[in-house]
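*Asks:* Structure file model.pdb (PDB, C-alpha atoms and all ligand atoms) is given on the next line.
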ATOM      1  CA  MET X   1     135.540  66.332  91.805
ATOM      2  CA  ILE X   2     138.029  63.495  92.189
ATOM      3  CA  SER X   3     140.159  63.243  89.034
ATOM      4  CA  LYS X   4     141.471  59.963  87.700
ATOM      5  CA  LYS X   5     144.717  61.619  86.606
ATOM      6  CA  THR X   6     145.425  62.997  90.093
ATOM      7  CA  VAL X   7     144.626  59.686  91.798
ATOM      8  CA  LEU X   8     146.988  57.801  89.502
ATOM      9  CA  LYS X   9     149.801  60.360  89.864
ATOM     10  CA  GLY X  10     152.514  58.772  92.007
ATOM     11  CA  LEU X  11     150.243  55.920  93.125
ATOM     12  CA  LYS X  12     152.825  53.172  92.469
ATOM     13  CA  THR X  13     150.649  50.173  93.373
ATOM     14  CA  HIS X  14     151.083  46.702  91.851
ATOM     15  CA  VAL X  15     147.484  45.510  91.587
ATOM     16  CA  VAL X  16     145.037  47.865  93.300
ATOM     17  CA  GLY X  17     143.916  50.799  91.138
ATOM     18  CA  LYS X  18     145.716  49.616  88.004
ATOM     19  CA  LYS X  19     142.288  49.862  86.417
ATOM     20  CA  LEU X  20     140.384  52.852  87.760
ATOM     21  CA  PHE X  21     136.971  54.292  86.897
ATOM     22  CA  VAL X  22     135.876  57.657  88.294
ATOM     23  CA  PHE X  23     132.297  58.945  88.060
ATOM     24  CA  GLU X  24     130.772  62.243  89.099
ATOM     25  CA  SER X  25     127.493  60.467  89.790
ATOM     26  CA  ILE X  26     126.480  56.806  89.599
ATOM     27  CA  ASP X  27     123.732  54.598  91.049
ATOM     28  CA  SER X  28     126.158  52.548  93.178
ATOM     29  CA  THR X  29     129.883  51.901  92.786
ATOM     30  CA  ASN X  30     129.216  48.350  94.021
ATOM     31  CA  ALA X  31     126.636  47.761  91.289
ATOM     32  CA  CYS X  32     129.067  49.063  88.666
ATOM     33  CA  ALA X  33     132.000  47.033  90.042
ATOM     34  CA  ARG X  34     129.843  43.879  90.035
ATOM     35  CA  THR X  35     128.949  44.375  86.382
ATOM     36  CA  LEU X  36     132.627  44.889  85.551
ATOM     37  CA  ALA X  37     133.610  41.823  87.600
ATOM     38  CA  ASP X  38     130.934  39.719  85.889
ATOM     39  CA  THR X  39     132.475  40.631  82.546
ATOM     40  CA  GLY X  40     136.025  39.744  83.602
ATOM     41  CA  THR X  41     137.619  42.928  84.951
ATOM     42  CA  PRO X  42     140.906  42.071  86.722
ATOM     43  CA  GLU X  43     141.491  41.997  90.451
ATOM     44  CA  GLY X  44     142.339  45.432  91.783
ATOM     45  CA  THR X  45     139.838  47.300  89.604
ATOM     46  CA  VAL X  46     138.512  50.327  91.501
ATOM     47  CA  VAL X  47     135.316  52.292  90.874
ATOM     48  CA  VAL X  48     135.045  55.714  92.559
ATOM     49  CA  ALA X  49     132.135  58.163  92.584
ATOM     50  CA  ASP X  50     131.533  61.642  93.989
ATOM     51  CA  PHE X  51     127.873  60.848  94.463
ATOM     52  CA  GLN X  52     125.622  57.774  94.472
ATOM     53  CA  THR X  53     121.921  57.892  93.688
ATOM     54  CA  ALA X  54     121.319  54.380  95.063
ATOM     55  CA  GLY X  55     124.187  53.724  97.488
ATOM     56  CA  ARG X  56     123.832  50.371  99.210
ATOM     57  CA  GLY X  57     124.473  49.637 102.877
ATOM     58  CA  ARG X  58     124.570  46.437 104.907
ATOM     59  CA  LEU X  59     121.468  44.421 105.725
ATOM     60  CA  GLY X  60     119.514  45.894 102.791
ATOM     61  CA  ARG X  61     119.865  49.477 104.014
ATOM     62  CA  SER X  62     120.797  52.450 101.828
ATOM     63  CA  TRP X  63     123.954  54.532 102.178
ATOM     64  CA  HIS X  64     123.569  58.294 101.864
ATOM     65  CA  SER X  65     126.465  60.658 101.340
ATOM     66  CA  GLU X  66     126.510  64.335 100.405
ATOM     67  CA  PRO X  67     127.903  65.008  96.888
ATOM     68  CA  GLY X  68     131.654  65.647  96.713
ATOM     69  CA  MET X  69     132.228  65.388 100.479
ATOM     70  CA  ASN X  70     133.220  61.808 101.177
ATOM     71  CA  LEU X  71     134.902  58.774  99.656
ATOM     72  CA  LEU X  72     132.699  56.229  97.921
ATOM     73  CA  PHE X  73     134.444  53.426  96.109
ATOM     74  CA  SER X  74     134.486  49.722  95.342
ATOM     75  CA  LEU X  75     137.380  47.345  94.876
ATOM     76  CA  VAL X  76     137.206  44.089  92.916
ATOM     77  CA  LEU X  77     139.032  41.114  94.454
ATOM     78  CA  ARG X  78     139.500  37.647  92.996
ATOM     79  CA  PRO X  79     140.835  35.648  95.938
ATOM     80  CA  ALA X  80     141.592  31.945  95.636
ATOM     81  CA  LEU X  81     139.553  31.350  98.779
ATOM     82  CA  LYS X  82     136.766  29.006  99.715
ATOM     83  CA  LYS X  83     133.294  30.364 100.503
ATOM     84  CA  GLU X  84     133.796  29.728 104.234
ATOM     85  CA  SER X  85     136.669  32.234 104.306
ATOM     86  CA  ALA X  86     134.535  35.143 103.099
ATOM     87  CA  ALA X  87     134.794  36.962 106.440
ATOM     88  CA  LEU X  88     138.565  37.272 105.987
ATOM     89  CA  LEU X  89     137.882  39.803 103.229
ATOM     90  CA  THR X  90     135.875  41.939 105.626
ATOM     91  CA  PHE X  91     138.705  41.938 108.161
ATOM     92  CA  PHE X  92     141.267  42.569 105.395
ATOM     93  CA  SER X  93     139.238  45.601 104.295
ATOM     94  CA  ALA X  94     138.777  47.015 107.781
ATOM     95  CA  VAL X  95     142.507  46.630 108.489
ATOM     96  CA  PHE X  96     143.775  48.312 105.315
ATOM     97  CA  ILE X  97     141.278  51.149 105.824
ATOM     98  CA  ALA X  98     142.298  51.574 109.473
ATOM     99  CA  ARG X  99     145.999  51.601 108.529
ATOM    100  CA  ALA X 100     145.417  54.223 105.825
ATOM    101  CA  LEU X 101     143.228  56.496 107.961
ATOM    102  CA  GLU X 102     145.663  56.218 110.852
ATOM    103  CA  ARG X 103     148.464  57.359 108.578
ATOM    104  CA  VAL X 104     146.457  60.284 107.210
ATOM    105  CA  ALA X 105     145.015  61.460 110.540
ATOM    106  CA  SER X 106     147.841  60.402 112.918
ATOM    107  CA  HIS X 107     145.146  59.109 115.251
ATOM    108  CA  ALA X 108     144.074  55.656 116.484
ATOM    109  CA  ILE X 109     141.423  53.943 114.375
ATOM    110  CA  GLU X 110     139.288  51.093 115.763
ATOM    111  CA  CYS X 111     137.431  48.207 114.152
ATOM    112  CA  LYS X 112     133.970  47.038 115.158
ATOM    113  CA  TRP X 113     132.438  43.688 114.288
ATOM    114  CA  PRO X 114     131.338  42.847 111.696
ATOM    115  CA  ASN X 115     132.613  45.562 109.368
ATOM    116  CA  ASP X 116     132.681  49.084 110.693
ATOM    117  CA  VAL X 117     135.652  51.361 111.187
ATOM    118  CA  LEU X 118     135.473  53.769 114.117
ATOM    119  CA  LEU X 119     137.044  57.091 114.947
ATOM    120  CA  ASN X 120     136.730  58.224 118.587
ATOM    121  CA  GLY X 121     134.115  55.489 119.093
ATOM    122  CA  LYS X 122     131.876  56.611 116.220
ATOM    123  CA  LYS X 123     131.464  55.086 112.766
ATOM    124  CA  CYS X 124     133.466  56.901 110.105
ATOM    125  CA  CYS X 125     133.413  54.131 107.517
ATOM    126  CA  GLY X 126     131.105  51.339 106.402
ATOM    127  CA  ILE X 127     132.083  48.318 104.332
ATOM    128  CA  LEU X 128     129.744  46.254 102.162
ATOM    129  CA  LEU X 129     131.030  43.022 100.652
ATOM    130  CA  GLU X 130     129.154  41.527  97.734
ATOM    131  CA  ASN X 131     130.507  38.100  96.817
ATOM    132  CA  SER X 132     130.067  35.869  93.813
ATOM    133  CA  PHE X 133     131.000  32.190  93.955
ATOM    134  CA  LEU X 134     131.688  29.476  91.411
ATOM    135  CA  GLN X 135     130.625  26.364  93.307
ATOM    136  CA  ASP X 136     132.458  26.503  96.644
ATOM    137  CA  ARG X 137     135.121  29.050  95.602
ATOM    138  CA  PHE X 138     135.212  32.773  94.949
ATOM    139  CA  ASP X 139     134.687  34.087  91.459
ATOM    140  CA  PHE X 140     135.002  37.637  92.785
ATOM    141  CA  SER X 141     134.247  39.860  95.727
ATOM    142  CA  VAL X 142     133.309  43.515  95.486
ATOM    143  CA  VAL X 143     134.394  45.476  98.548
ATOM    144  CA  GLY X 144     132.302  48.634  98.777
ATOM    145  CA  ILE X 145     133.683  51.346 101.037
ATOM    146  CA  GLY X 146     132.043  54.544 102.223
ATOM    147  CA  ILE X 147     134.232  56.881 104.314
ATOM    148  CA  ASN X 148     132.880  60.052 105.882
ATOM    149  CA  VAL X 149     135.568  62.608 105.164
ATOM    150  CA  ASN X 150     134.313  66.195 104.904
ATOM    151  CA  GLN X 151     130.621  65.830 105.719
ATOM    152  CA  SER X 152     129.862  68.235 108.562
ATOM    153  CA  SER X 153     126.528  66.896 109.824
ATOM    154  CA  PHE X 154     124.445  63.737 109.809
ATOM    155  CA  PRO X 155     120.721  63.041 110.104
ATOM    156  CA  ALA X 156     119.540  63.382 113.727
ATOM    157  CA  GLU X 157     119.104  59.614 114.156
ATOM    158  CA  LEU X 158     122.761  59.014 113.194
ATOM    159  CA  GLU X 159     124.361  61.994 114.949
ATOM    160  CA  ASN X 160     125.331  59.908 118.037
ATOM    161  CA  GLN X 161     126.788  57.025 116.058
ATOM    162  CA  ALA X 162     128.328  58.538 112.908
ATOM    163  CA  THR X 163     131.202  60.914 112.418
ATOM    164  CA  SER X 164     133.586  62.229 109.769
ATOM    165  CA  LEU X 165     137.250  63.205 109.748
ATOM    166  CA  LEU X 166     136.183  66.841 109.488
ATOM    167  CA  LYS X 167     133.937  66.585 112.558
ATOM    168  CA  GLU X 168     136.614  64.941 114.681
ATOM    169  CA  PHE X 169     139.589  67.068 113.635
ATOM    170  CA  GLY X 170     137.912  70.378 112.788
ATOM    171  CA  HIS X 171     139.334  70.752 109.296
ATOM    172  CA  ALA X 172     138.733  69.420 105.799
ATOM    173  CA  PHE X 173     140.886  66.623 104.341
ATOM    174  CA  ASP X 174     142.157  66.050 100.790
ATOM    175  CA  ARG X 175     139.997  63.156  99.545
ATOM    176  CA  THR X 176     142.415  62.243  96.753
ATOM    177  CA  ALA X 177     145.349  61.921  99.149
ATOM    178  CA  ILE X 178     143.268  59.655 101.406
ATOM    179  CA  LEU X 179     142.125  57.539  98.466
ATOM    180  CA  GLN X 180     145.733  57.086  97.333
ATOM    181  CA  GLU X 181     146.722  55.995 100.838
ATOM    182  CA  LEU X 182     143.813  53.532 100.927
ATOM    183  CA  LEU X 183     144.755  52.008  97.587
ATOM    184  CA  ARG X 184     148.402  51.714  98.682
ATOM    185  CA  GLU X 185     147.499  49.992 101.970
ATOM    186  CA  ALA X 186     145.108  47.627 100.156
ATOM    187  CA  ASP X 187     147.844  46.805  97.651
ATOM    188  CA  ALA X 188     150.365  46.169 100.437
ATOM    189  CA  LEU X 189     148.024  43.892 102.434
ATOM    190  CA  LEU X 190     146.528  41.960  99.507
ATOM    191  CA  PRO X 191     149.398  39.412  99.375
ATOM    192  CA  SER X 192     148.376  38.345 102.919
ATOM    193  CA  VAL X 193     144.967  37.331 101.530
ATOM    194  CA  HIS X 194     146.498  35.431  98.621
ATOM    195  CA  GLY X 195     149.298  33.907 100.680
ATOM    196  CA  GLY X 196     146.958  32.818 103.480
ATOM    197  CA  ASP X 197     148.695  35.026 106.071
ATOM    198  CA  VAL X 198     145.567  35.203 108.198
ATOM    199  CA  PRO X 199     147.423  36.170 111.432
ATOM    200  CA  ASN X 200     148.793  39.340 109.780
ATOM    201  CA  ILE X 201     145.219  40.476 109.202
ATOM    202  CA  MET X 202     143.496  39.076 112.284
ATOM    203  CA  GLU X 203     146.090  40.180 114.850
ATOM    204  CA  ASP X 204     145.789  43.745 113.627
ATOM    205  CA  TRP X 205     141.974  43.572 113.514
ATOM    206  CA  ASN X 206     141.779  42.096 117.038
ATOM    207  CA  SER X 207     144.117  44.749 118.411
ATOM    208  CA  ARG X 208     141.740  47.430 117.103
ATOM    209  CA  CYS X 209     138.568  45.839 118.456
ATOM    210  CA  SER X 210     137.622  46.717 122.016
ATOM    211  CA  MET X 211     134.466  44.684 122.598
ATOM    212  CA  PHE X 212     135.818  41.326 123.785
ATOM    213  CA  GLY X 213     135.045  40.626 127.444
ATOM    214  CA  LYS X 214     132.472  43.418 127.495
ATOM    215  CA  PRO X 215     128.689  43.272 127.818
ATOM    216  CA  VAL X 216     127.061  43.742 124.417
ATOM    217  CA  THR X 217     123.683  43.702 122.751
ATOM    218  CA  ILE X 218     123.346  42.317 119.269
ATOM    219  CA  ALA X 219     120.397  43.270 117.076
ATOM    220  CA  HIS X 220     119.742  40.589 114.480
ATOM    221  CA  GLY X 221     116.504  41.025 112.557
ATOM    222  CA  ASP X 222     113.795  41.524 115.172
ATOM    223  CA  GLU X 223     115.861  39.813 117.859
ATOM    224  CA  HIS X 224     117.936  41.651 120.488
ATOM    225  CA  ILE X 225     120.316  39.391 122.354
ATOM    226  CA  SER X 226     122.373  40.467 125.353
ATOM    227  CA  GLY X 227     125.515  38.816 126.633
ATOM    228  CA  THR X 228     129.277  39.083 126.788
ATOM    229  CA  ALA X 229     131.318  39.207 123.578
ATOM    230  CA  LEU X 230     133.785  36.309 123.849
ATOM    231  CA  ARG X 231     135.701  35.908 120.572
ATOM    232  CA  LEU X 232     135.460  35.357 116.841
ATOM    233  CA  ASP X 233     135.035  31.810 115.548
ATOM    234  CA  ALA X 234     137.074  30.401 112.641
ATOM    235  CA  GLU X 235     134.588  31.788 110.129
ATOM    236  CA  GLY X 236     134.545  35.297 111.586
ATOM    237  CA  GLY X 237     131.286  34.834 113.508
ATOM    238  CA  LEU X 238     130.893  36.608 116.839
ATOM    239  CA  VAL X 239     130.588  34.253 119.824
ATOM    240  CA  ILE X 240     128.485  35.657 122.658
ATOM    241  CA  LYS X 241     127.966  34.190 126.126
ATOM    242  CA  THR X 242     124.308  34.604 127.034
ATOM    243  CA  SER X 243     122.309  33.587 130.109
ATOM    244  CA  THR X 244     121.425  30.322 128.362
ATOM    245  CA  GLY X 245     124.799  29.374 126.884
ATOM    246  CA  GLN X 246     126.841  30.486 123.862
ATOM    247  CA  SER X 247     125.499  31.773 120.543
ATOM    248  CA  THR X 248     127.383  32.649 117.368
ATOM    249  CA  PHE X 249     126.255  35.394 114.997
ATOM    250  CA  TYR X 250     127.354  35.963 111.423
ATOM    251  CA  ALA X 251     125.513  39.267 110.906
ATOM    252  CA  GLY X 252     123.903  41.958 113.034
ATOM    253  CA  ASP X 253     124.573  45.253 114.760
ATOM    254  CA  VAL X 254     126.513  45.176 118.018
ATOM    255  CA  THR X 255     126.402  47.787 120.754
ATOM    256  CA  ILE X 256     128.733  47.753 123.738
ATOM    257  CA  VAL X 257     126.618  48.260 126.866
ATOM    258  CA  GLN X 258     128.338  51.077 128.807
TER     259      GLN X 258
HETATM  260  C1  LIG X 301     127.331  49.835 105.793
HETATM  261  O1  LIG X 301     126.107  49.677 105.784
HETATM  262  O2  LIG X 301     127.947  50.129 106.819
HETATM  263  C2  LIG X 301     128.111  49.641 104.518
HETATM  264  C3  LIG X 301     128.073  50.851 103.641
HETATM  265  C4  LIG X 301     128.856  50.729 102.364
HETATM  266  C5  LIG X 301     128.691  51.941 101.484
HETATM  267  C6  LIG X 301     129.597  51.924 100.286
HETATM  268  S1  LIG X 301     129.662  53.477  99.485
HETATM  269  C7  LIG X 301     130.532  52.783  98.151
HETATM  270  C8  LIG X 301     129.960  51.414  97.901
HETATM  271  N1  LIG X 301     128.855  51.473  96.962
HETATM  272  C9  LIG X 301     127.687  51.182  97.541
HETATM  273  O3  LIG X 301     126.582  51.195  96.974
HETATM  274  N2  LIG X 301     127.881  50.884  98.834
HETATM  275  C10 LIG X 301     129.282  50.921  99.190
END
Written as structure tokens, that's how I'd like the structure from this file.
*Replies:*
Amino acid sequence: MISKKTVLKGLKTHVVGKKLFVFESIDSTNACARTLADTGTPEGTVVVADFQTAGRGRLGRSWHSEPGMNLLFSLVLRPALKKESAALLTFFSAVFIARALERVASHAIECKWPNDVLLNGKKCCGILLENSFLQDRFDFSVVGIGINVNQSSFPAELENQATSLLKEFGHAFDRTAILQELLREADALLPSVHGGDVPNIMEDWNSRCSMFGKPVTIAHGDEHISGTALRLDAEGGLVIKTSTGQSTFYAGDVTIVQ
């Protein structure tokens, strides 16, 4: 099991992980972090669990993870941002995760719109942001992160799309060391969110995303739209050129058509 004492040993962050909760089993680290955030927990609070009984994924899906194999955690942010800038937090999260995993695995890590992190073209990490606003500004955001570390197999329907560090590199990884690296990278990049250094985040994210200029299909509810991925708009939406013009999406699942 992940131990709070070992995570904190030598962590040396300024904000992220200063308050840390570790559970053997919990319903959802996001649910717990939201309750803490609602009752005033400071920015940087982290909730980690070895197992979730009701892990949440994007678009109302669930997130399953074998006990003690992966990293499941949530980070509370309190950015002085307007509602419209919410997507920046997704890109911030993907970038600090990619930087940390790249350091641990010495291997290129890619980002996929809207909020997946890929290893050798397959998803190794999912991010779920749950935001709370006071009028048009953030009260808090909970960034929920699930990273497949030592899980050796996935359900048949995910086998082609999902992977873990263990599957790609053929050996197990120290989850605590990876978590420490993640918290350090988040801590180092957080001032870019607060200081409005959007290019520092977006240039890195764009350099890790390989879908622009390529034919893609986007599944959005029951709709499947095909076109060419053009760019992100100012609010982080994906602009696609279709046969009838341009459309912008703010959620959905994108596949690059090979
Ligand atoms: C996705 O659907 O890709 C996002 C998955 C996010 C899963 C993580 S696991 C830790 C945190 N707690 C949750 O309930 N969900 C997120």
*Asks:* Residue by residue, what does the PyMOL selection byres (((not hetatm)) within 6 of (chain X and resi 301)) grab here? Present the result as an MDAnalysis selection string.
*Replies:* chainID X and resid 28:30 55:58 63 72:74 126:128 144:146
*Asks:* Record the distance separating CA of Glu181 in chain X and CA of Arg61 in chain X, expressed in Å with one decimal.
*Replies:*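 That distance, rounded to one decimal, is 27.8 Å.
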*Asks:* Point out the residue among X:Asp187, X:Asp139, X:Asp50, X:Asp204 with the least atom-to-atom distance to Ala37 in chain X, counting all atoms listed in the file.
*Replies:*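 Looking at the shortest contact to Ala37 in chain X, the residue is X:Asp139.
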*Asks:* What lies within 8 Å of Arg231 in chain X using all atoms listed in the file, ignoring chain neighbours under 4 positions off, as a PyMOL selection string?
*Replies:* chain X and resi 212+238-240
*Asks:* At a cut-off of 8 Å, using only C-alpha atoms, what residues contact Cys125 in chain X? Leave out same-chain residues fewer than 5 positions from it and give the result as a list in words.
*Replies:*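 Non-adjacent residues within range: Asp116, Val117, Leu118, Ile145, Gly146, Ile147 and Asn148 of chain X.
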*Asks:* Between X:Ile178, X:Met69, X:Val193, X:Val198, which one has atoms that come closest to Asn150 in chain X, using only C-alpha atoms?
*Replies:*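 Of X:Ile178, X:Met69, X:Val193, X:Val198, the one nearest Asn150 in chain X is X:Met69, counting only C-alpha atoms.
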*Asks:* For range 71-91 of chain X, supply N, CA, C and O atoms and report the output as a tab-separated table (two decimals), in the coordinates of the input.
*Replies:*
chain	number	residue	atom	x	y	z
X	71	LEU	N	134.31	59.74	100.59
X	71	LEU	CA	134.90	58.77	99.66
X	71	LEU	C	133.94	57.61	99.50
X	71	LEU	O	133.51	57.00	100.50
X	72	LEU	N	133.60	57.32	98.26
X	72	LEU	CA	132.70	56.23	97.92
X	72	LEU	C	133.38	55.43	96.83
X	72	LEU	O	133.60	55.95	95.73
X	73	PHE	N	133.78	54.20	97.15
X	73	PHE	CA	134.44	53.43	96.11
X	73	PHE	C	134.31	51.93	96.35
X	73	PHE	O	133.94	51.48	97.44
X	74	SER	N	134.56	51.18	95.28
X	74	SER	CA	134.49	49.72	95.34
X	74	SER	C	135.73	49.13	94.71
X	74	SER	O	136.25	49.67	93.73
X	75	LEU	N	136.16	48.03	95.30
X	75	LEU	CA	137.38	47.34	94.88
X	75	LEU	C	137.03	45.90	94.51
X	75	LEU	O	136.37	45.21	95.30
X	76	VAL	N	137.46	45.47	93.34
X	76	VAL	CA	137.21	44.09	92.92
X	76	VAL	C	138.37	43.19	93.36
X	76	VAL	O	139.53	43.50	93.09
X	77	LEU	N	138.03	42.11	94.05
X	77	LEU	CA	139.03	41.11	94.45
X	77	LEU	C	138.70	39.78	93.81
X	77	LEU	O	137.52	39.47	93.60
X	78	ARG	N	139.73	39.01	93.53
X	78	ARG	CA	139.50	37.65	93.00
X	78	ARG	C	140.34	36.67	93.82
X	78	ARG	O	141.34	36.13	93.31
X	79	PRO	N	140.00	36.48	95.07
X	79	PRO	CA	140.84	35.65	95.94
X	79	PRO	C	140.62	34.15	95.68
X	79	PRO	O	139.51	33.73	95.38
X	80	ALA	N	141.71	33.40	95.79
X	80	ALA	CA	141.59	31.94	95.64
X	80	ALA	C	141.17	31.36	96.98
X	80	ALA	O	141.89	30.57	97.58
X	81	LEU	N	140.01	31.77	97.45
X	81	LEU	CA	139.55	31.35	98.78
X	81	LEU	C	138.29	30.53	98.64
X	81	LEU	O	137.55	30.66	97.66
X	82	LYS	N	138.04	29.72	99.66
X	82	LYS	CA	136.77	29.01	99.72
X	82	LYS	C	135.70	29.92	100.31
X	82	LYS	O	136.04	30.85	101.06
X	83	LYS	N	134.44	29.62	99.99
X	83	LYS	CA	133.29	30.36	100.50
X	83	LYS	C	133.38	30.64	102.01
X	83	LYS	O	133.10	31.74	102.46
X	84	GLU	N	133.79	29.61	102.77
X	84	GLU	CA	133.80	29.73	104.23
X	84	GLU	C	134.74	30.82	104.72
X	84	GLU	O	134.65	31.28	105.86
X	85	SER	N	135.69	31.24	103.86
X	85	SER	CA	136.67	32.23	104.31
X	85	SER	C	136.24	33.65	103.96
X	85	SER	O	137.05	34.58	104.07
X	86	ALA	N	134.98	33.82	103.56
X	86	ALA	CA	134.54	35.14	103.10
X	86	ALA	C	134.79	36.24	104.12
X	86	ALA	O	135.14	37.37	103.76
X	87	ALA	N	134.65	35.92	105.42
X	87	ALA	CA	134.79	36.96	106.44
X	87	ALA	C	136.20	37.56	106.44
X	87	ALA	O	136.39	38.71	106.82
X	88	LEU	N	137.19	36.76	106.01
X	88	LEU	CA	138.56	37.27	105.99
X	88	LEU	C	138.65	38.56	105.15
X	88	LEU	O	139.41	39.47	105.46
X	89	LEU	N	137.84	38.62	104.10
X	89	LEU	CA	137.88	39.80	103.23
X	89	LEU	C	137.34	41.04	103.94
X	89	LEU	O	137.79	42.16	103.70
X	90	THR	N	136.39	40.82	104.83
X	90	THR	CA	135.88	41.94	105.63
X	90	THR	C	136.97	42.46	106.55
X	90	THR	O	137.21	43.66	106.66
X	91	PHE	N	137.65	41.53	107.22
X	91	PHE	CA	138.71	41.94	108.16
X	91	PHE	C	139.88	42.56	107.41
X	91	PHE	O	140.45	43.55	107.85
